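K.L.:
I am sharing coords20.pdb, which consists of PDB, C-alpha atoms, pLDDT in the B column:
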ATOM      1  CA  MET A   1     -11.621 -20.419  27.696  1.00 53.00           C
ATOM      2  CA  SER A   2     -10.713 -22.282  30.856  1.00 52.00           C
ATOM      3  CA  ARG A   3     -10.194 -26.025  30.944  1.00 53.00           C
ATOM      4  CA  ASP A   4     -13.287 -26.631  33.048  1.00 55.00           C
ATOM      5  CA  LYS A   5     -15.528 -24.984  30.421  1.00 67.00           C
ATOM      6  CA  ILE A   6     -14.382 -27.335  27.667  1.00 74.00           C
ATOM      7  CA  ARG A   7     -16.841 -30.240  27.408  1.00 80.00           C
ATOM      8  CA  ARG A   8     -16.524 -32.927  24.784  1.00 84.00           C
ATOM      9  CA  ASN A   9     -19.515 -32.799  22.490  1.00 83.00           C
ATOM     10  CA  ASN A  10     -18.482 -34.983  19.530  1.00 86.00           C
ATOM     11  CA  TYR A  11     -17.759 -38.689  19.678  1.00 90.00           C
ATOM     12  CA  SER A  12     -16.327 -41.301  17.333  1.00 91.00           C
ATOM     13  CA  LYS A  13     -14.729 -44.711  17.597  1.00 94.00           C
ATOM     14  CA  TYR A  14     -11.230 -43.415  18.390  1.00 95.00           C
ATOM     15  CA  ILE A  15     -11.640 -39.815  19.512  1.00 95.00           C
ATOM     16  CA  ASP A  16     -13.964 -37.674  21.582  1.00 94.00           C
ATOM     17  CA  TYR A  17     -13.467 -33.941  21.219  1.00 94.00           C
ATOM     18  CA  TYR A  18     -14.822 -30.501  21.919  1.00 93.00           C
ATOM     19  CA  LEU A  19     -16.158 -28.603  18.913  1.00 93.00           C
ATOM     20  CA  PRO A  20     -16.516 -24.855  19.621  1.00 92.00           C
ATOM     21  CA  SER A  21     -19.942 -23.396  18.790  1.00 91.00           C
ATOM     22  CA  ASP A  22     -18.453 -21.060  16.159  1.00 94.00           C
ATOM     23  CA  THR A  23     -16.874 -23.990  14.290  1.00 95.00           C
ATOM     24  CA  SER A  24     -18.767 -26.484  12.174  1.00 93.00           C
ATOM     25  CA  GLU A  25     -17.900 -29.970  10.991  1.00 93.00           C
ATOM     26  CA  PHE A  26     -18.741 -30.711   7.373  1.00 88.00           C
ATOM     27  CA  GLU A  27     -17.263 -34.192   7.144  1.00 90.00           C
ATOM     28  CA  GLY A  28     -15.986 -36.767   9.608  1.00 88.00           C
ATOM     29  CA  SER A  29     -14.902 -40.340  10.167  1.00 91.00           C
ATOM     30  CA  ASP A  30     -13.636 -42.470  13.037  1.00 92.00           C
ATOM     31  CA  LEU A  31     -10.123 -41.020  12.662  1.00 93.00           C
ATOM     32  CA  SER A  32     -10.615 -37.501  11.309  1.00 93.00           C
ATOM     33  CA  GLY A  33     -12.844 -34.526  10.772  1.00 94.00           C
ATOM     34  CA  CYS A  34     -13.016 -31.574   8.392  1.00 95.00           C
ATOM     35  CA  PHE A  35     -14.062 -28.248   9.897  1.00 96.00           C
ATOM     36  CA  VAL A  36     -14.927 -24.666   8.964  1.00 96.00           C
ATOM     37  CA  TYR A  37     -14.213 -21.673  11.167  1.00 95.00           C
ATOM     38  CA  ASP A  38     -15.202 -18.323   9.668  1.00 92.00           C
ATOM     39  CA  ARG A  39     -13.465 -18.389   6.242  1.00 93.00           C
ATOM     40  CA  SER A  40     -10.893 -20.966   7.329  1.00 95.00           C
ATOM     41  CA  ARG A  41     -10.908 -24.697   6.881  1.00 96.00           C
ATOM     42  CA  PHE A  42      -8.973 -27.298   8.803  1.00 96.00           C
ATOM     43  CA  ILE A  43      -8.632 -31.023   9.244  1.00 96.00           C
ATOM     44  CA  MET A  44      -8.063 -32.926  12.463  1.00 96.00           C
ATOM     45  CA  ASP A  45      -6.551 -36.412  12.187  1.00 95.00           C
ATOM     46  CA  VAL A  46      -5.790 -38.952  14.859  1.00 96.00           C
ATOM     47  CA  ASN A  47      -2.016 -39.376  14.630  1.00 94.00           C
ATOM     48  CA  VAL A  48      -2.028 -43.170  14.263  1.00 93.00           C
ATOM     49  CA  SER A  49       1.706 -43.503  13.573  1.00 90.00           C
ATOM     50  CA  GLY A  50       2.535 -41.112  16.417  1.00 90.00           C
ATOM     51  CA  ILE A  51       0.437 -43.119  18.874  1.00 92.00           C
ATOM     52  CA  ILE A  52       2.021 -46.404  17.792  1.00 90.00           C
ATOM     53  CA  ASN A  53       5.528 -44.906  17.933  1.00 87.00           C
ATOM     54  CA  ASP A  54       4.799 -43.457  21.378  1.00 86.00           C
ATOM     55  CA  LYS A  55       3.667 -46.894  22.594  1.00 86.00           C
ATOM     56  CA  TYR A  56       6.665 -48.864  21.330  1.00 85.00           C
ATOM     57  CA  TYR A  57       9.370 -46.164  21.029  1.00 80.00           C
ATOM     58  CA  PRO A  58       8.565 -43.537  23.687  1.00 75.00           C
ATOM     59  CA  GLU A  59      12.035 -42.005  23.432  1.00 74.00           C
ATOM     60  CA  LEU A  60      11.232 -40.678  19.932  1.00 71.00           C
ATOM     61  CA  ASP A  61       9.818 -37.171  19.562  1.00 66.00           C
ATOM     62  CA  PRO A  62       6.977 -36.434  17.135  1.00 65.00           C
ATOM     63  CA  MET A  63       8.428 -35.782  13.703  1.00 64.00           C
ATOM     64  CA  ASP A  64       7.360 -33.280  11.073  1.00 64.00           C
ATOM     65  CA  GLU A  65       6.469 -35.266   7.977  1.00 68.00           C
ATOM     66  CA  GLY A  66       7.914 -32.573   5.708  1.00 70.00           C
ATOM     67  CA  PHE A  67       4.671 -32.165   3.780  1.00 75.00           C
ATOM     68  CA  PHE A  68       5.047 -28.404   3.212  1.00 83.00           C
ATOM     69  CA  ASP A  69       7.758 -26.415   1.439  1.00 87.00           C
ATOM     70  CA  LYS A  70      10.420 -25.418   4.024  1.00 90.00           C
ATOM     71  CA  ASP A  71      11.114 -22.199   2.120  1.00 92.00           C
ATOM     72  CA  LYS A  72       7.536 -21.051   2.822  1.00 93.00           C
ATOM     73  CA  LEU A  73       7.853 -21.453   6.617  1.00 95.00           C
ATOM     74  CA  VAL A  74       7.127 -18.161   8.415  1.00 96.00           C
ATOM     75  CA  TYR A  75       6.478 -19.300  11.988  1.00 95.00           C
ATOM     76  CA  THR A  76       7.353 -22.300  14.142  1.00 95.00           C
ATOM     77  CA  ARG A  77       6.798 -23.131  17.769  1.00 95.00           C
ATOM     78  CA  SER A  78       7.484 -26.192  19.885  1.00 93.00           C
ATOM     79  CA  SER A  79       5.772 -26.199  23.245  1.00 94.00           C
ATOM     80  CA  SER A  80       3.274 -28.150  25.332  1.00 95.00           C
ATOM     81  CA  TYR A  81      -0.325 -27.838  26.447  1.00 94.00           C
ATOM     82  CA  ILE A  82      -2.429 -29.381  29.199  1.00 94.00           C
ATOM     83  CA  ASP A  83      -5.635 -31.071  28.066  1.00 93.00           C
ATOM     84  CA  VAL A  84      -8.931 -31.042  29.994  1.00 91.00           C
ATOM     85  CA  ASP A  85      -7.939 -34.264  31.760  1.00 91.00           C
ATOM     86  CA  GLY A  86      -4.720 -32.678  33.062  1.00 93.00           C
ATOM     87  CA  ASN A  87      -2.360 -34.542  30.708  1.00 93.00           C
ATOM     88  CA  VAL A  88       0.622 -32.706  29.231  1.00 94.00           C
ATOM     89  CA  HIS A  89       1.162 -32.978  25.460  1.00 93.00           C
ATOM     90  CA  ASP A  90       4.161 -31.730  23.513  1.00 92.00           C
ATOM     91  CA  PHE A  91       3.363 -30.176  20.163  1.00 94.00           C
ATOM     92  CA  LEU A  92       4.900 -28.596  17.100  1.00 94.00           C
ATOM     93  CA  TYR A  93       3.077 -25.759  15.339  1.00 95.00           C
ATOM     94  CA  ARG A  94       4.123 -24.297  11.998  1.00 95.00           C
ATOM     95  CA  VAL A  95       2.708 -21.700   9.641  1.00 96.00           C
ATOM     96  CA  TYR A  96       3.559 -21.521   5.944  1.00 96.00           C
ATOM     97  CA  ASP A  97       2.906 -18.551   3.631  1.00 95.00           C
ATOM     98  CA  TYR A  98       1.628 -19.501   0.175  1.00 92.00           C
ATOM     99  CA  ASP A  99       0.989 -16.148  -1.515  1.00 89.00           C
ATOM    100  CA  ASP A 100      -0.970 -14.555   1.361  1.00 83.00           C
ATOM    101  CA  ARG A 101      -2.833 -17.757   2.101  1.00 92.00           C
ATOM    102  CA  TYR A 102      -1.509 -19.510   5.143  1.00 96.00           C
ATOM    103  CA  LEU A 103      -1.268 -23.228   5.757  1.00 95.00           C
ATOM    104  CA  THR A 104      -0.968 -24.358   9.352  1.00 95.00           C
ATOM    105  CA  TYR A 105       0.427 -27.586  10.695  1.00 95.00           C
ATOM    106  CA  PHE A 106      -0.086 -28.781  14.282  1.00 96.00           C
ATOM    107  CA  LEU A 107       1.518 -32.033  15.418  1.00 95.00           C
ATOM    108  CA  SER A 108       1.382 -33.918  18.712  1.00 93.00           C
ATOM    109  CA  ASN A 109       1.742 -37.624  19.456  1.00 89.00           C
ATOM    110  CA  ASP A 110      -2.075 -37.900  19.442  1.00 94.00           C
ATOM    111  CA  LEU A 111      -3.288 -35.441  16.801  1.00 96.00           C
ATOM    112  CA  ILE A 112      -2.400 -33.714  13.554  1.00 95.00           C
ATOM    113  CA  PHE A 113      -4.190 -30.600  12.303  1.00 96.00           C
ATOM    114  CA  TYR A 114      -3.834 -29.092   8.825  1.00 95.00           C
ATOM    115  CA  GLY A 115      -5.384 -25.680   8.287  1.00 95.00           C
ATOM    116  CA  TYR A 116      -5.948 -23.028   5.624  1.00 94.00           C
ATOM    117  CA  ALA A 117      -6.553 -19.354   6.418  1.00 96.00           C
ATOM    118  CA  LEU A 118      -6.251 -15.825   5.143  1.00 95.00           C
ATOM    119  CA  GLU A 119      -3.864 -13.660   7.132  1.00 94.00           C
ATOM    120  CA  GLU A 120      -6.629 -11.889   9.063  1.00 95.00           C
ATOM    121  CA  ASP A 121      -8.117 -15.249  10.125  1.00 95.00           C
ATOM    122  CA  LEU A 122      -4.856 -16.918  11.134  1.00 96.00           C
ATOM    123  CA  VAL A 123      -5.007 -16.105  14.857  1.00 96.00           C
ATOM    124  CA  GLY A 124      -8.622 -17.290  15.143  1.00 96.00           C
ATOM    125  CA  LEU A 125      -7.868 -20.534  13.310  1.00 97.00           C
ATOM    126  CA  SER A 126      -4.806 -21.178  15.449  1.00 96.00           C
ATOM    127  CA  SER A 127      -6.777 -20.676  18.659  1.00 95.00           C
ATOM    128  CA  ARG A 128      -9.518 -23.090  17.472  1.00 96.00           C
ATOM    129  CA  ILE A 129      -6.934 -25.761  16.681  1.00 97.00           C
ATOM    130  CA  LEU A 130      -5.335 -25.473  20.123  1.00 95.00           C
ATOM    131  CA  LEU A 131      -8.739 -25.385  21.821  1.00 95.00           C
ATOM    132  CA  MET A 132      -9.824 -28.566  20.039  1.00 96.00           C
ATOM    133  CA  ALA A 133      -6.511 -30.292  20.843  1.00 96.00           C
ATOM    134  CA  LYS A 134      -6.977 -29.435  24.523  1.00 95.00           C
ATOM    135  CA  GLY A 135     -10.507 -30.849  24.473  1.00 94.00           C
ATOM    136  CA  ALA A 136      -9.688 -34.088  22.655  1.00 95.00           C
ATOM    137  CA  GLU A 137      -9.417 -37.534  24.144  1.00 95.00           C
ATOM    138  CA  VAL A 138      -7.932 -40.190  21.876  1.00 96.00           C
ATOM    139  CA  ARG A 139      -8.454 -43.848  22.783  1.00 95.00           C
ATOM    140  CA  LYS A 140      -4.838 -44.810  22.196  1.00 94.00           C
ATOM    141  CA  SER A 141      -5.198 -48.449  23.220  1.00 93.00           C
ATOM    142  CA  ASP A 142      -7.925 -48.936  20.583  1.00 94.00           C
ATOM    143  CA  VAL A 143      -5.759 -47.263  17.927  1.00 94.00           C
ATOM    144  CA  VAL A 144      -2.801 -49.510  18.773  1.00 93.00           C
ATOM    145  CA  ALA A 145      -4.983 -52.622  18.867  1.00 91.00           C
ATOM    146  CA  ASN A 146      -6.538 -51.895  15.463  1.00 91.00           C
ATOM    147  CA  TYR A 147      -3.656 -50.339  13.534  1.00 89.00           C
ATOM    148  CA  SER A 148      -0.437 -51.845  14.862  1.00 84.00           C
ATOM    149  CA  LEU A 149       0.898 -54.934  13.157  1.00 77.00           C
ATOM    150  CA  ARG A 150       3.458 -55.471  15.877  1.00 63.00           C
ATOM    151  CA  ASP A 151       2.953 -58.571  17.967  1.00 57.00           C
ATOM    152  CA  GLU A 152       4.221 -58.719  21.477  1.00 52.00           C
ATOM    153  CA  ILE A 153       7.000 -61.289  21.574  1.00 46.00           C
ATOM    154  CA  ASP A 154       6.590 -64.207  23.923  1.00 48.00           C
ATOM    155  CA  PHE A 155      10.049 -65.195  25.058  1.00 48.00           C
ATOM    156  CA  GLU A 156       9.157 -68.803  25.784  1.00 52.00           C
ATOM    157  CA  LYS A 157      12.159 -71.061  25.408  1.00 47.00           C
ATOM    158  CA  GLN A 158      11.898 -73.666  22.680  1.00 50.00           C
ATOM    159  CA  GLN A 159      14.558 -76.176  21.729  1.00 50.00           C
ATOM    160  CA  VAL A 160      15.550 -76.211  18.078  1.00 47.00           C
ATOM    161  CA  ASN A 161      17.723 -78.953  16.643  1.00 48.00           C
ATOM    162  CA  LEU A 162      19.680 -77.174  13.933  1.00 46.00           C
ATOM    163  CA  PHE A 163      21.435 -80.280  12.633  1.00 48.00           C
ATOM    164  CA  GLU A 164      18.415 -82.529  12.205  1.00 49.00           C
ATOM    165  CA  THR A 165      17.875 -81.506   8.584  1.00 48.00           C
ATOM    166  CA  ILE A 166      20.471 -82.287   5.959  1.00 51.00           C
ATOM    167  CA  MET A 167      20.462 -79.954   2.990  1.00 50.00           C
ATOM    168  CA  PRO A 168      20.748 -81.635  -0.440  1.00 52.00           C
ATOM    169  CA  VAL A 169      23.929 -81.019  -2.374  1.00 54.00           C
ATOM    170  CA  ASN A 170      22.073 -80.375  -5.658  1.00 54.00           C
ATOM    171  CA  GLY A 171      18.730 -78.707  -6.424  1.00 54.00           C
ATOM    172  CA  ASN A 172      17.113 -75.482  -5.448  1.00 53.00           C
ATOM    173  CA  VAL A 173      15.493 -74.217  -2.275  1.00 50.00           C
ATOM    174  CA  ASN A 174      11.957 -74.730  -3.624  1.00 49.00           C
ATOM    175  CA  GLU A 175      12.526 -78.479  -3.997  1.00 53.00           C
ATOM    176  CA  PHE A 176      13.863 -78.681  -0.454  1.00 49.00           C
ATOM    177  CA  LEU A 177      10.888 -76.822   0.995  1.00 49.00           C
ATOM    178  CA  ILE A 178       8.326 -78.838  -0.968  1.00 51.00           C
ATOM    179  CA  ASN A 179       9.968 -82.138  -0.004  1.00 50.00           C
ATOM    180  CA  ARG A 180      10.222 -81.027   3.641  1.00 48.00           C
ATOM    181  CA  GLN A 181       6.499 -80.100   3.775  1.00 50.00           C
ATOM    182  CA  GLU A 182       5.535 -83.473   2.252  1.00 53.00           C
ATOM    183  CA  GLU A 183       7.658 -85.325   4.841  1.00 55.00           C
ATOM    184  CA  GLU A 184       6.037 -83.384   7.720  1.00 54.00           C
ATOM    185  CA  SER A 185       2.497 -84.001   6.445  1.00 54.00           C
ATOM    186  CA  THR A 186       3.032 -87.784   6.272  1.00 55.00           C
ATOM    187  CA  GLN A 187       4.338 -87.977   9.843  1.00 57.00           C
TER     188      GLN A 187
END
Please express the file's structure as structure tokens.

P.N.:
Amino acid sequence: MSRDKIRRNNYSKYIDYYLPSDTSEFEGSDLSGCFVYDRSRFIMDVNVSGIINDKYYPELDPMDEGFFDKDKLVYTRSSSYIDVDGNVHDFLYRVYDYDDRYLTYFLSNDLIFYGYALEEDLVGLSSRILLMAKGAEVRKSDVVANYSLRDEIDFEKQQVNLFETIMPVNGNVNEFLINRQEEESTQ
């Protein structure tokens, strides 16, 4: 399917995305959705930590969270895709074999997909995941604003007199702090 035929048709607080007509959503929230394609199921999550890391530490690559057993890994690919808005996204895609049932893992800075498929459905599931990633638009600034605890530092100069306070020779820190707060409140 070409990029110009992908139209976003699902909307939430943090993500707008394209849901193919042969895929259905059975549960969703502002940050994620659970989907069924044929006999396969998959989850799409907004990658909150990836978005925050990309904002403040852009030199870091997306990292596999190590959720699945490395010994079960049967396929891995690192590449990039172009979304419908023309933006390039790097991604990591892995497939794990758990007794002829395959778990898929797709990771980009914006999105994470976890999937479950039988071998004969694996290609179809993989194509749906990539198609939905290409059609997604994540409102990164809203994610950062609502989920980042980091405050931007204001480097305004302020004079601090380090030798104004004399520490008592005896006693504990609690007594010093309590006495200091009482002195400041009476001033």

K.L.:
List as a PyMOL selection string the protein and nucleic acid residues near Leu122 of chain A, meaning an atom at most 9 Å away when all atoms listed in the file are counted, but skip any in the same chain fewer than 5 places from it.

P.N.:
chain A and resi 40+102+104+116-117+127

K.L.:
List the spatial neighbours of Leu130 of chain A as a VMD selection string - criterion: any atom at most 12 Å away, all atoms listed in the file, same-chain residues fewer than 3 positions off excluded.

P.N.:
chain A and resid 1 3 6 17 to 20 44 79 to 84 89 to 93 104 to 108 111 to 115 123 to 127 133 to 136

K.L.:
Mind checking which residues fall within 7 Å of segment 50-53 of chain A, counting all atoms listed in the file, ignoring those fewer than 3 positions away in the same chain, and posting them as number ranges by chain?

P.N.:
A: 47, 56-58, 62, 109-110, 140, 144, 148

K.L.:
Can you list, as a PyMOL selection string, the residues that the PyMOL selection byres ((chain A and resi 13) around 6) selects here?

P.N.:
chain A and resi 12+14+30

K.L.:
Just so the selection is clear, what residues does the PyMOL selection byres ((chain A and resi 65-70) around 10) cover here, as a list in words?

P.N.:
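Checking the PyMOL selection byres ((chain A and resi 65-70) around 10) against this file, the residues are Pro62, Met63, Asp64, Asp71, Lys72, Leu73, Val74, Arg94, Val95, Tyr96, Asp97, Tyr98, Leu103, Thr104, Tyr105 and Leu107 of chain A.
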
K.L.:
Could you tell me how far atom CA of Ser141 of chain A lies from atom CA of Arg128 of chain A, in Å and to one decimal?

P.N.:
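Separating atom CA of Ser141 of chain A from atom CA of Arg128 of chain A is a distance of 26.4 Å.
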